[in-house]
file start.cif (mmCIF, C-alpha atoms and all ligand atoms)
data_final
loop_
_atom_site.label_atom_id
_atom_site.label_comp_id
_atom_site.auth_asym_id
_atom_site.auth_seq_id
_atom_site.Cartn_x
_atom_site.Cartn_y
_atom_site.Cartn_z
CA MET H 20 -58.72 -143.16 140.77
CA PRO H 21 -56.66 -140.00 140.45
CA THR H 22 -57.76 -138.32 137.30
CA GLY H 23 -56.26 -134.94 136.66
CA THR H 24 -58.44 -134.47 133.60
CA SER H 25 -59.38 -130.92 134.51
CA GLY H 26 -57.57 -127.92 133.09
CA GLN H 27 -56.45 -129.45 129.82
CA GLY H 28 -55.13 -126.15 128.47
CA PRO H 29 -51.50 -125.55 127.71
CA ALA H 30 -50.69 -124.51 131.27
CA ALA H 31 -51.95 -127.84 132.57
CA ALA H 32 -50.30 -129.76 129.79
CA ALA H 33 -46.77 -128.89 130.89
CA GLY H 34 -46.95 -130.76 134.15
CA PRO H 35 -48.63 -133.71 135.74
CA THR H 36 -51.72 -132.86 137.77
CA PRO H 37 -50.71 -132.44 141.43
CA ALA H 38 -51.55 -135.29 143.77
CA ALA H 39 -54.87 -134.96 145.54
CA PRO H 40 -54.72 -133.11 148.90
CA GLY H 41 -54.19 -135.49 151.78
CA ARG H 42 -52.39 -138.04 149.64
CA GLN H 43 -48.80 -138.90 150.38
CA PRO H 44 -47.17 -137.14 147.41
CA TRP H 45 -44.08 -138.26 145.57
CA ARG H 46 -42.77 -141.24 147.41
CA ALA H 47 -40.80 -142.20 144.34
CA GLY H 48 -41.50 -138.97 142.65
CA ASP H 49 -39.63 -136.15 144.36
CA SER H 50 -36.71 -136.30 141.96
CA PHE H 51 -39.16 -136.86 139.09
CA LEU H 52 -41.00 -133.66 139.86
CA SER H 53 -37.92 -131.49 140.14
CA MET H 54 -36.54 -132.86 136.85
CA TRP H 55 -39.94 -132.41 135.23
CA ARG H 56 -40.09 -128.77 136.26
CA GLU H 57 -36.59 -128.14 134.98
CA LEU H 58 -37.31 -129.64 131.57
CA ALA H 59 -40.83 -128.22 131.17
CA PRO H 60 -39.93 -124.80 129.67
CA VAL H 61 -37.41 -126.16 127.14
CA GLY H 62 -38.70 -125.80 123.60
CA ARG H 63 -42.22 -124.89 124.71
CA HIS H 64 -43.93 -122.45 122.38
CA PRO H 65 -45.45 -119.53 124.31
CA ASP H 66 -48.54 -119.26 122.10
CA SER H 67 -49.55 -122.87 121.60
CA GLY H 68 -48.15 -124.27 124.85
CA GLY H 69 -46.89 -127.18 122.76
CA TYR H 70 -43.32 -128.37 122.33
CA ARG H 71 -41.16 -127.80 119.26
CA ARG H 72 -38.13 -129.88 120.07
CA TYR H 73 -36.99 -130.85 116.60
CA ALA H 74 -33.95 -133.02 116.05
CA TRP H 75 -30.65 -131.13 116.28
CA SER H 76 -32.42 -127.77 116.81
CA ALA H 77 -31.48 -125.39 119.62
CA ALA H 78 -34.33 -126.78 121.76
CA ASP H 79 -33.10 -130.33 121.16
CA GLN H 80 -29.59 -129.22 122.12
CA ASP H 81 -30.99 -127.79 125.37
CA CYS H 82 -32.74 -131.11 126.07
CA ARG H 83 -29.48 -132.94 125.38
CA ALA H 84 -27.60 -130.62 127.74
CA TRP H 85 -30.24 -131.34 130.37
CA PHE H 86 -29.77 -135.10 129.88
CA ARG H 87 -26.01 -134.80 130.20
CA ALA H 88 -26.34 -132.70 133.36
CA GLN H 89 -28.63 -135.34 134.91
CA ALA H 90 -26.11 -138.05 134.10
CA GLU H 91 -23.19 -136.10 135.51
CA ALA H 92 -25.09 -135.03 138.63
CA ARG H 93 -25.51 -138.75 139.44
CA GLY H 94 -21.92 -139.66 138.67
CA LEU H 95 -22.99 -141.75 135.67
CA THR H 96 -20.65 -142.28 132.74
CA TYR H 97 -21.96 -140.08 129.95
CA GLU H 98 -21.43 -140.77 126.24
CA THR H 99 -22.93 -139.98 122.87
CA ASP H 100 -22.90 -142.89 120.46
CA ARG H 101 -21.94 -142.79 116.80
CA ASN H 102 -25.52 -141.88 115.84
CA GLY H 103 -25.98 -139.05 118.34
CA ASN H 104 -27.99 -141.07 120.87
CA GLN H 105 -27.16 -140.21 124.47
CA TRP H 106 -26.23 -142.75 127.16
CA ALA H 107 -25.73 -142.51 130.92
CA TRP H 108 -24.11 -145.59 132.43
CA LEU H 109 -24.04 -147.01 135.91
CA GLY H 110 -21.43 -149.76 135.82
CA ASP H 111 -19.15 -150.82 133.00
CA PRO H 112 -20.59 -149.93 129.55
CA LEU H 113 -18.42 -152.64 127.99
CA ALA H 114 -19.28 -155.47 130.38
CA GLY H 115 -22.31 -156.67 128.39
CA ASP H 116 -25.74 -157.98 129.42
CA ALA H 117 -26.72 -154.41 130.35
CA VAL H 118 -30.22 -153.38 131.32
CA VAL H 119 -31.12 -150.21 129.41
CA THR H 120 -34.08 -147.89 129.86
CA GLY H 121 -35.02 -144.57 128.31
CA SER H 122 -36.99 -142.95 125.51
CA HIS H 123 -36.66 -139.69 123.56
CA LEU H 124 -36.75 -135.94 124.21
CA ASP H 125 -37.64 -134.62 120.74
CA SER H 126 -41.23 -133.76 119.85
CA VAL H 127 -43.75 -133.49 117.03
CA PRO H 128 -44.81 -129.93 116.08
CA ASP H 129 -46.64 -128.58 119.13
CA GLY H 130 -46.34 -131.91 120.88
CA GLY H 131 -47.22 -132.65 124.48
CA ALA H 132 -44.89 -132.70 127.45
CA PHE H 133 -45.08 -136.45 128.05
CA ASP H 134 -44.46 -138.27 124.75
CA GLY H 135 -40.81 -139.16 125.16
CA PRO H 136 -39.74 -137.07 128.19
CA LEU H 137 -41.91 -139.12 130.56
CA GLY H 138 -39.74 -142.15 129.78
CA VAL H 139 -36.42 -140.34 130.14
CA VAL H 140 -37.33 -138.46 133.32
CA SER H 141 -38.88 -141.61 134.83
CA SER H 142 -35.67 -143.50 134.07
CA PHE H 143 -33.52 -141.10 136.10
CA ALA H 144 -36.19 -141.01 138.84
CA ALA H 145 -36.33 -144.83 138.93
CA LEU H 146 -32.57 -144.94 139.36
CA ASP H 147 -32.87 -142.48 142.25
CA GLU H 148 -35.59 -144.68 143.71
CA LEU H 149 -33.35 -147.75 143.47
CA HIS H 150 -30.52 -145.90 145.20
CA GLY H 151 -33.07 -144.99 147.89
CA ARG H 152 -33.95 -148.67 148.24
CA GLY H 153 -30.28 -149.46 148.73
CA VAL H 154 -30.19 -152.20 146.11
CA GLU H 155 -27.02 -153.80 144.75
CA PHE H 156 -26.70 -153.76 140.96
CA THR H 157 -25.60 -157.04 139.40
CA ARG H 158 -25.72 -155.85 135.78
CA PRO H 159 -24.67 -152.56 134.16
CA LEU H 160 -27.57 -150.14 133.79
CA ALA H 161 -27.91 -147.38 131.21
CA ILE H 162 -30.39 -144.59 130.57
CA THR H 163 -30.78 -143.43 126.96
CA ASN H 164 -32.17 -140.55 124.97
CA PHE H 165 -32.65 -141.73 121.38
CA GLY H 166 -32.27 -138.98 118.80
CA ASP H 167 -35.02 -137.89 116.44
CA GLU H 168 -37.71 -140.37 117.42
CA GLU H 169 -40.60 -138.36 116.01
CA GLY H 170 -39.12 -137.63 112.62
CA ALA H 171 -40.73 -134.19 112.74
CA ARG H 172 -37.81 -132.47 111.03
CA PHE H 173 -36.47 -134.98 108.48
CA GLY H 174 -39.65 -136.98 107.87
CA LEU H 175 -38.43 -140.34 109.11
CA ALA H 176 -39.22 -141.52 112.65
CA CYS H 177 -36.73 -143.21 115.00
CA VAL H 178 -33.64 -142.11 113.08
CA GLY H 179 -31.23 -142.67 115.99
CA SER H 180 -32.43 -146.16 116.83
CA ARG H 181 -32.92 -147.16 113.17
CA LEU H 182 -29.33 -146.20 112.37
CA ALA H 183 -28.01 -148.11 115.39
CA ALA H 184 -30.05 -151.19 114.50
CA GLY H 185 -29.05 -151.07 110.83
CA GLN H 186 -32.64 -150.35 109.76
CA LEU H 187 -31.63 -147.10 108.04
CA THR H 188 -28.67 -147.17 105.68
CA VAL H 189 -26.04 -144.45 105.79
CA PRO H 190 -26.74 -143.30 102.19
CA ASP H 191 -30.45 -143.07 102.99
CA ALA H 192 -29.68 -141.10 106.15
CA HIS H 193 -27.50 -138.73 104.12
CA ARG H 194 -30.43 -138.10 101.78
CA LEU H 195 -32.76 -136.93 104.59
CA ARG H 196 -33.55 -133.21 104.32
CA ASP H 197 -35.69 -130.86 106.35
CA ALA H 198 -38.19 -128.38 104.89
CA ASP H 199 -35.39 -125.81 104.39
CA GLY H 200 -33.24 -128.29 102.48
CA THR H 201 -30.76 -128.84 105.35
CA THR H 202 -29.51 -132.41 105.30
CA LEU H 203 -29.34 -134.58 108.40
CA PRO H 204 -25.50 -134.64 108.36
CA ALA H 205 -25.41 -130.84 108.00
CA ALA H 206 -27.82 -130.44 110.91
CA MET H 207 -25.76 -132.82 113.08
CA GLU H 208 -22.59 -130.97 112.18
CA ALA H 209 -24.15 -127.60 112.94
CA ALA H 210 -25.07 -128.97 116.37
CA GLY H 211 -21.46 -130.02 116.98
CA TYR H 212 -21.75 -133.76 116.22
CA ASP H 213 -19.64 -135.65 113.73
CA PRO H 214 -21.98 -137.07 111.05
CA GLY H 215 -19.08 -139.07 109.62
CA THR H 216 -19.56 -141.74 112.27
CA ILE H 217 -23.24 -142.56 111.68
CA GLY H 218 -24.10 -146.16 110.90
CA PRO H 219 -24.98 -149.55 112.37
CA ASP H 220 -23.82 -150.12 115.94
CA PRO H 221 -24.09 -153.89 116.43
CA GLU H 222 -21.39 -154.06 119.13
CA ARG H 223 -23.30 -151.59 121.26
CA LEU H 224 -26.60 -153.40 120.79
CA ALA H 225 -24.91 -156.73 121.56
CA ARG H 226 -23.95 -155.36 124.98
CA ILE H 227 -27.64 -154.83 125.87
CA GLY H 228 -29.36 -157.74 127.60
CA ALA H 229 -32.72 -155.99 128.00
CA PHE H 230 -34.29 -152.68 126.93
CA VAL H 231 -37.36 -151.26 128.67
CA GLU H 232 -39.07 -148.07 127.46
CA LEU H 233 -41.67 -146.36 129.63
CA HIS H 234 -44.09 -144.17 127.67
CA VAL H 235 -47.29 -142.25 128.22
CA GLU H 236 -50.19 -144.24 126.80
CA GLN H 237 -51.54 -142.73 123.57
CA GLY H 238 -55.04 -144.04 123.98
CA ARG H 239 -57.50 -144.64 126.82
CA ALA H 240 -57.21 -148.36 127.46
CA LEU H 241 -55.72 -147.91 130.95
CA ASP H 242 -58.27 -145.25 131.81
CA LEU H 243 -60.99 -147.70 130.89
CA THR H 244 -59.52 -150.56 132.94
CA GLY H 245 -58.71 -148.22 135.84
CA ASP H 246 -55.00 -149.10 135.95
CA PRO H 247 -52.16 -146.58 136.22
CA VAL H 248 -49.62 -148.77 134.40
CA GLY H 249 -49.74 -151.39 131.65
CA ILE H 250 -47.37 -153.50 129.55
CA ALA H 251 -47.13 -153.32 125.75
CA SER H 252 -47.94 -156.37 123.67
CA ALA H 253 -47.38 -155.16 120.11
CA ILE H 254 -47.02 -152.17 117.79
CA TRP H 255 -49.15 -152.04 114.67
CA PRO H 256 -47.40 -151.97 111.30
CA HIS H 257 -47.28 -148.39 110.06
CA GLY H 258 -45.73 -146.11 107.49
CA ARG H 259 -45.64 -142.75 105.74
CA TRP H 260 -46.38 -142.18 102.05
CA ARG H 261 -45.76 -138.93 100.14
CA PHE H 262 -48.34 -138.00 97.49
CA ASP H 263 -47.18 -135.37 94.98
CA PHE H 264 -50.05 -133.88 92.96
CA ARG H 265 -48.79 -131.67 90.10
CA GLY H 266 -51.10 -129.34 88.19
CA GLU H 267 -50.74 -125.91 86.64
CA ALA H 268 -50.13 -122.67 88.50
CA ASN H 269 -52.39 -119.88 87.33
CA HIS H 270 -54.19 -116.73 88.38
CA ALA H 271 -56.94 -117.29 90.98
CA GLY H 272 -58.85 -114.25 89.77
CA THR H 273 -58.79 -114.77 86.01
CA THR H 274 -58.60 -118.50 85.26
CA ARG H 275 -62.00 -119.96 84.37
CA LEU H 276 -62.93 -123.01 86.48
CA VAL H 277 -63.08 -125.22 83.37
CA ASP H 278 -59.56 -124.21 82.37
CA ARG H 279 -57.93 -125.10 85.67
CA ARG H 280 -55.71 -128.03 86.53
CA ASP H 281 -55.90 -127.58 90.30
CA PRO H 282 -54.05 -130.24 92.31
CA MET H 283 -55.65 -129.03 95.53
CA LEU H 284 -58.98 -130.47 94.40
CA THR H 285 -57.44 -133.87 93.69
CA TYR H 286 -55.65 -133.77 97.01
CA ALA H 287 -58.92 -132.93 98.81
CA GLU H 288 -60.70 -135.85 97.11
CA THR H 289 -57.82 -138.10 98.17
CA VAL H 290 -58.12 -137.02 101.81
CA LEU H 291 -61.77 -138.04 101.76
CA ALA H 292 -60.86 -141.33 100.09
CA ALA H 293 -58.36 -142.03 102.87
CA ARG H 294 -61.03 -141.57 105.50
CA ARG H 295 -63.40 -143.83 103.56
CA GLU H 296 -60.79 -146.57 103.08
CA ALA H 297 -59.86 -146.43 106.75
CA GLU H 298 -63.49 -146.82 107.77
CA LEU H 299 -63.99 -149.70 105.35
CA THR H 300 -60.93 -151.63 106.50
CA GLY H 301 -60.88 -150.77 110.20
CA ALA H 302 -57.47 -149.14 109.79
CA LEU H 303 -56.21 -145.58 110.39
CA ALA H 304 -55.27 -143.19 107.59
CA THR H 305 -54.35 -139.55 108.14
CA PHE H 306 -53.16 -136.70 105.95
CA GLY H 307 -51.72 -134.40 108.64
CA LYS H 308 -49.00 -132.56 106.73
CA ILE H 309 -49.18 -130.69 103.46
CA ALA H 310 -46.84 -128.50 101.39
CA VAL H 311 -48.19 -126.27 98.64
CA GLU H 312 -46.37 -124.49 95.82
CA PRO H 313 -46.32 -121.64 95.17
CA ASN H 314 -48.47 -121.29 98.32
CA GLY H 315 -50.01 -117.99 97.32
CA VAL H 316 -53.52 -117.03 98.35
CA ASN H 317 -54.28 -115.74 94.85
CA ALA H 318 -52.62 -118.55 92.87
CA ILE H 319 -53.90 -121.94 91.80
CA PRO H 320 -51.22 -124.31 93.12
CA SER H 321 -48.75 -126.02 90.82
CA LEU H 322 -47.95 -128.69 93.44
CA VAL H 323 -49.70 -130.12 96.46
CA ARG H 324 -47.62 -132.54 98.45
CA GLY H 325 -49.49 -134.44 101.15
CA TRP H 326 -48.17 -137.07 103.54
CA LEU H 327 -50.32 -140.08 104.38
CA ASP H 328 -49.72 -141.76 107.74
CA SER H 329 -51.41 -145.13 107.84
CA ARG H 330 -51.51 -147.86 110.48
CA ALA H 331 -53.43 -151.09 110.94
CA ALA H 332 -53.51 -154.08 113.23
CA ASP H 333 -52.06 -156.33 110.53
CA GLN H 334 -50.06 -156.04 107.36
CA ALA H 335 -52.82 -157.18 104.99
CA THR H 336 -55.18 -154.48 106.25
CA LEU H 337 -52.49 -151.82 106.02
CA ASP H 338 -51.71 -152.87 102.45
CA ALA H 339 -55.41 -152.78 101.59
CA VAL H 340 -55.97 -149.26 102.91
CA VAL H 341 -52.87 -147.77 101.28
CA THR H 342 -53.59 -149.49 97.96
CA GLY H 343 -57.17 -148.22 98.13
CA VAL H 344 -56.10 -144.63 98.78
CA GLU H 345 -53.53 -144.70 95.99
CA ARG H 346 -56.01 -146.23 93.52
CA ALA H 347 -58.57 -143.52 94.32
CA ALA H 348 -55.95 -140.78 94.03
CA ARG H 349 -54.85 -142.05 90.60
CA GLU H 350 -58.43 -142.11 89.34
CA TYR H 351 -59.09 -138.56 90.53
CA ALA H 352 -55.76 -137.38 89.14
CA GLU H 353 -56.34 -138.88 85.72
CA ARG H 354 -59.80 -137.35 85.47
CA ALA H 355 -58.46 -133.88 86.37
CA GLY H 356 -55.28 -133.92 84.29
CA ILE H 357 -53.09 -133.99 87.39
CA GLU H 358 -49.76 -135.85 87.56
CA LEU H 359 -49.35 -138.01 90.62
CA ASP H 360 -46.29 -139.61 92.22
CA VAL H 361 -46.58 -141.73 95.33
CA VAL H 362 -43.46 -142.56 97.32
CA ARG H 363 -43.30 -144.72 100.45
CA GLU H 364 -40.99 -142.73 102.73
CA SER H 365 -40.92 -145.12 105.65
CA PHE H 366 -42.36 -148.36 106.85
CA THR H 367 -42.22 -150.27 110.12
CA PRO H 368 -43.53 -153.84 110.19
CA VAL H 369 -45.60 -155.20 113.05
CA VAL H 370 -43.69 -155.57 116.31
CA GLU H 371 -44.66 -158.29 118.73
CA PHE H 372 -42.73 -157.71 121.95
CA GLU H 373 -40.88 -160.75 123.23
CA HIS H 374 -43.28 -162.85 125.29
CA ALA H 375 -40.62 -163.91 127.80
CA MET H 376 -39.79 -160.27 128.63
CA ARG H 377 -43.47 -159.35 128.80
CA ASP H 378 -44.17 -162.22 131.17
CA GLU H 379 -41.16 -161.33 133.30
CA LEU H 380 -42.35 -157.72 133.63
CA ALA H 381 -45.86 -158.88 134.49
CA LYS H 382 -44.48 -161.22 137.16
CA ILE H 383 -42.33 -158.46 138.68
CA LEU H 384 -45.15 -155.90 138.68
CA GLU H 385 -47.80 -158.30 139.94
CA GLY H 386 -45.40 -159.46 142.67
CA ALA H 387 -44.68 -155.87 143.72
CA GLY H 388 -48.27 -154.63 143.49
CA ASP H 389 -51.05 -155.02 146.00
CA THR H 390 -54.05 -155.03 143.65
CA GLY H 391 -54.17 -158.79 143.14
CA ARG H 392 -55.12 -158.06 139.54
CA PRO H 393 -53.10 -158.82 136.44
CA VAL H 394 -51.31 -155.86 134.85
CA PRO H 395 -53.10 -154.96 131.57
CA VAL H 396 -51.26 -155.87 128.37
CA LEU H 397 -52.03 -153.55 125.44
CA GLY H 398 -51.19 -153.06 121.81
CA THR H 399 -50.62 -149.64 120.26
CA GLY H 400 -50.67 -147.92 116.91
CA ALA H 401 -47.85 -145.56 117.94
CA GLY H 402 -44.26 -146.15 116.89
CA HIS H 403 -41.40 -146.27 119.41
CA ASP H 404 -37.63 -146.76 119.55
CA ALA H 405 -38.45 -149.92 121.53
CA GLY H 406 -40.15 -151.26 118.42
CA ILE H 407 -37.02 -150.68 116.36
CA LEU H 408 -34.69 -152.18 118.96
CA SER H 409 -36.90 -155.22 119.48
CA ALA H 410 -35.45 -156.77 116.31
CA SER H 411 -31.99 -156.83 117.94
CA VAL H 412 -32.52 -156.80 121.70
CA PRO H 413 -35.02 -158.35 124.17
CA THR H 414 -37.35 -155.39 124.60
CA ALA H 415 -40.44 -154.42 126.57
CA MET H 416 -42.53 -151.32 127.18
CA LEU H 417 -44.50 -149.90 130.08
CA PHE H 418 -47.40 -147.51 129.50
CA VAL H 419 -48.61 -144.88 131.97
CA ARG H 420 -52.30 -143.99 131.99
CA ASN H 421 -53.38 -141.01 129.90
CA PRO H 422 -56.84 -140.00 131.12
CA THR H 423 -57.98 -138.49 127.84
CA GLY H 424 -55.86 -140.55 125.48
CA ILE H 425 -54.82 -137.32 123.75
CA SER H 426 -51.26 -137.31 122.43
CA HIS H 427 -49.21 -135.37 119.86
CA SER H 428 -51.01 -132.32 121.22
CA PRO H 429 -50.33 -129.72 123.91
CA ALA H 430 -53.28 -131.25 125.79
CA GLU H 431 -51.46 -134.56 126.29
CA HIS H 432 -51.60 -135.36 129.96
CA ALA H 433 -50.92 -137.76 132.83
CA ALA H 434 -51.76 -137.37 136.51
CA GLU H 435 -48.98 -136.92 139.02
CA ASP H 436 -49.97 -140.05 140.95
CA ASP H 437 -49.80 -142.07 137.74
CA CYS H 438 -46.37 -140.68 136.89
CA THR H 439 -45.25 -141.77 140.36
CA ALA H 440 -46.77 -145.19 139.79
CA GLY H 441 -44.84 -145.34 136.51
CA VAL H 442 -41.55 -144.47 138.23
CA GLU H 443 -42.19 -147.12 140.88
CA ALA H 444 -43.14 -149.72 138.27
CA LEU H 445 -40.01 -148.96 136.26
CA ALA H 446 -37.89 -149.12 139.43
CA ASP H 447 -39.46 -152.50 140.28
CA VAL H 448 -38.72 -153.77 136.79
CA LEU H 449 -35.12 -152.51 136.83
CA GLU H 450 -34.62 -153.96 140.30
CA GLY H 451 -36.01 -157.30 139.12
CA LEU H 452 -33.77 -157.33 136.07
CA ALA H 453 -30.56 -155.69 137.24
CA CYS H 454 -30.27 -156.13 141.00
CA SER H 455 -29.64 -158.97 143.39
C1 LIG H 501 -44.57 -141.64 116.95
O1 LIG H 501 -45.00 -141.13 117.97
C2 LIG H 501 -45.52 -142.12 115.98
O2 LIG H 501 -46.16 -143.14 116.23
O3 LIG H 501 -45.69 -141.45 114.95
MN MN H 502 -44.83 -139.49 119.44
MN MN H 503 -42.77 -141.25 121.87
#
call {"tool": "encode", "arguments": {"input": "start.cif", "output": "structure tokens"}}
result
Amino acid sequence: MPTGTSGQGPAAAAGPTPAAPGRQPWRAGDSFLSMWRELAPVGRHPDSGGYRRYAWSAADQDCRAWFRAQAEARGLTYETDRNGNQWAWLGDPLAGDAVVTGSHLDSVPDGGAFDGPLGVVSSFAALDELHGRGVEFTRPLAITNFGDEEGARFGLACVGSRLAAGQLTVPDAHRLRDADGTTLPAAMEAAGYDPGTIGPDPERLARIGAFVELHVEQGRALDLTGDPVGIASAIWPHGRWRFDFRGEANHAGTTRLVDRRDPMLTYAETVLAARREAELTGALATFGKIAVEPNGVNAIPSLVRGWLDSRAADQATLDAVVTGVERAAREYAERAGIELDVVRESFTPVVEFEHAMRDELAKILEGAGDTGRPVPVLGTGAGHDAGILSASVPTAMLFVRNPTGISHSPAEHAAEDDCTAGVEALADVLEGLACS
């Protein structure tokens, strides 16, 4: 099994581990590797080695320019839809029953190189592979880059696909603001896009017959089974909740402990409660982002705002963990004289990918492969544009092995051989779906 687990530092994180010496490198992957190298420096922070490709930022604009250049270099018809998602079409975009593949190019703060870009780069590489195979396309094919999948800037994930699918209303989208108070429409406008067009795009979605997203696995299931590629079964229900703890700002050097109303203490107790509730229920609960006011080293805070990300295999468990965390937070807050507001900022119900599509992918991959083993089918706690689109379009996902399972980190990684296997698997799937 090619591993590529060595050298997990930032330098290694930017690129797949080279194929082992003596192996035949990059059958399907030559174009993948050159695209990967081109994209690798864009938005990469020199200190952390992680990516900061936030929606509508300069780095995001550079990624978008890269996408457009890839489309044009292949003679594909390039367009940006009304929500700022990018499309590259082979065949008539209006013909209907299109096969669409792609992912996203934005990142979490100091994200890895693979979450998102692996799917987009593999899509172009799979198309190159299909041209190399000399296949005839019987359906239109499109490659997409969905905008703002991670929600790192405006707090809501999958903004581009949610808007298209009508799962985010226009007024709610207009209310989204980044940490500096810039609204989503203002950010789009500053990047040269017309925010006046945003909204549901049912005609576009109706022209898609199948959507397939390839993504790096964000766990170690494939590493444990020893398979380079798997198929997604389901996405756990998940959401984000904002907890605002309000106390009293005061002098850190003169205010007696008994006189303080310190929201940081209540927040800290709540973080521990989240861990406890998650352990009790078998769910996941994470406070990974915090904002403090006035944020002075010598001031007791007046406000601590913490965001809870929680996910579980089923809705009842998710409800139980979030209710438990909120109940604990309210008890602590009351005891300490802290005001507490809890707001659910986003929620995505469980996604069960269409069984017919899943089975079709498995049949294609098992028919093309030589292992004689079934392709693993796995669930995930990570959100994806595919999950959003699955409510409107027959949708499936492919996962590529991640030897450490690490994701949303500069250390996120996949081996070069596995990336090639992913490109080949995606090409097989697209050939099975879109070619004679
Ligand atoms: C997206 O990667 C998410 O699951 O938060
Ligand atoms: Mn992600
Ligand atoms: Mn992703």
call {"tool": "residues_near_ligand", "arguments": {"input": "start.cif", "ligand": "ligand MN 503 (chain H)", "cutoff": "6 Å", "atoms": "all atoms listed in the file", "output": "PyMOL selection string"}}
result
chain H and resi 134-135+403
call {"tool": "write_last_selection", "arguments": {"input": "start.cif", "atoms": "C-alpha atoms", "output": "PDB file, in the coordinates of the input"}}
result
ATOM      1  CA  ASP H 134     -44.460-138.270 124.750  1.00  0.00           C
ATOM      2  CA  GLY H 135     -40.810-139.160 125.160  1.00  0.00           C
ATOM      3  CA  HIS H 403     -41.400-146.270 119.410  1.00  0.00           C
TER       4      HIS H 403
END
call {"tool": "atom_distance", "arguments": {"input": "start.cif", "atom1": "atom CA of H:Val370", "atom2": "atom CA of H:Arg196"}}
result
27.3 Å
call {"tool": "atom_distance", "arguments": {"input": "start.cif", "atom1": "atom CA of H:Ala304", "atom2": "atom CA of H:Ser126"}}
result
20.9 Å
call {"tool": "residues_near_ligand", "arguments": {"input": "start.cif", "ligand": "ligand MN 502 (chain H)", "cutoff": "9 Å", "atoms": "all atoms listed in the file", "output": "CSV table (one decimal) with C-alpha atoms, in the coordinates of the input"}}
result
chain,number,residue,atom,x,y,z
H,125,ASP,CA,-37.6,-134.6,120.7
H,126,SER,CA,-41.2,-133.8,119.8
H,127,VAL,CA,-43.8,-133.5,117.0
H,130,GLY,CA,-46.3,-131.9,120.9
H,131,GLY,CA,-47.2,-132.6,124.5
H,134,ASP,CA,-44.5,-138.3,124.8
H,135,GLY,CA,-40.8,-139.2,125.2
H,168,GLU,CA,-37.7,-140.4,117.4
H,169,GLU,CA,-40.6,-138.4,116.0
H,237,GLN,CA,-51.5,-142.7,123.6
H,401,ALA,CA,-47.8,-145.6,117.9
H,402,GLY,CA,-44.3,-146.2,116.9
H,403,HIS,CA,-41.4,-146.3,119.4
H,426,SER,CA,-51.3,-137.3,122.4
H,427,HIS,CA,-49.2,-135.4,119.9
call {"tool": "residues_near_point", "arguments": {"input": "start.cif", "point": "(-56.9, -126.2, 101.2)", "cutoff": "10 Å", "atoms": "all atoms listed in the file", "output": "PyMOL selection string"}}
result
chain H and resi 283-284+286-287+309+311+323
call {"tool": "closest_residue", "arguments": {"input": "start.cif", "among": "H:Thr202, H:Thr157, H:Thr96, H:Thr244", "to": "H:Glu450", "atoms": "all atoms listed in the file"}}
result
H:Thr157
call {"tool": "closest_atom_pairs", "arguments": {"input": "start.cif", "of": "stretch 193-298 of chain H", "to": "stretch 103-122 of chain H", "cutoff": "9 Å", "atoms": "only C-alpha atoms", "output": "tab-separated table"}}
result
residue	atom	partner	partner_atom	distance
H:Met207	CA	H:Gly103	CA	8.2
H:Tyr212	CA	H:Gly103	CA	7.1
H:Asp213	CA	H:Gly103	CA	8.5
H:Pro214	CA	H:Gly103	CA	8.5
H:Ile217	CA	H:Gly103	CA	8.0
H:Arg223	CA	H:Leu113	CA	8.4
H:Ala225	CA	H:Gly115	CA	7.3
H:Arg226	CA	H:Gly115	CA	4.0
H:Ile227	CA	H:Ala117	CA	4.6
H:Gly228	CA	H:Asp116	CA	4.1
H:Ala229	CA	H:Val118	CA	4.9
H:Phe230	CA	H:Val119	CA	4.7
H:Val231	CA	H:Thr120	CA	4.9
H:Glu232	CA	H:Gly121	CA	5.4
H:Leu233	CA	H:Gly121	CA	7.0
H:His234	CA	H:Ser122	CA	7.5
call {"tool": "closest_residue", "arguments": {"input": "start.cif", "among": "H:Met54, H:Ile407, H:Ala292, H:Ile383", "to": "ligand LIG 501 (chain H)", "atoms": "all atoms listed in the file"}}
result
H:Ile407
call {"tool": "closest_residue", "arguments": {"input": "start.cif", "among": "H:Pro128, H:Pro247, H:Gly266, H:Pro422", "to": "ligand LIG 501 (chain H)", "atoms": "only C-alpha atoms and all ligand atoms"}}
result
H:Pro128
call {"tool": "residues_around", "arguments": {"input": "start.cif", "residues": "H:Gln80", "least_positions_apart": "6", "cutoff": "10 Å", "atoms": "all atoms listed in the file", "output": "list in words"}}
result
Val61, Gly62, Arg72, Tyr73, Ala74, Phe86, Asp125, Ala210 and Gly211 of chain H
call {"tool": "atom_distance", "arguments": {"input": "start.cif", "atom1": "atom CA of H:His123", "atom2": "atom CA of H:Arg363"}}
result
24.6 Å
call {"tool": "closest_residue", "arguments": {"input": "start.cif", "among": "H:Ser50, H:Ser142, H:Ser252, H:Asn164", "to": "H:Gly398", "atoms": "only C-alpha atoms"}}
result
H:Ser252
call {"tool": "closest_residue", "arguments": {"input": "start.cif", "among": "H:Ala405, H:Ala268, H:Ala183, H:Ile250", "to": "ligand LIG 501 (chain H)", "atoms": "all atoms listed in the file"}}
result
H:Ala405
call {"tool": "axis_aligned_box", "arguments": {"input": "start.cif", "around": "ligand LIG 501 (chain H)", "padding_each_side": "3 Å", "output": "lines of an AutoDock Vina configuration file"}}
result
center_x = -45.4
center_y = -142.1
center_z = 116.5
size_x = 7.6
size_y = 8.0
size_z = 9.0
call {"tool": "closest_residue", "arguments": {"input": "start.cif", "among": "H:Asp199, H:Glu431, H:Asp328, H:Asp447", "to": "H:Leu175", "atoms": "all atoms listed in the file"}}
result
H:Asp328
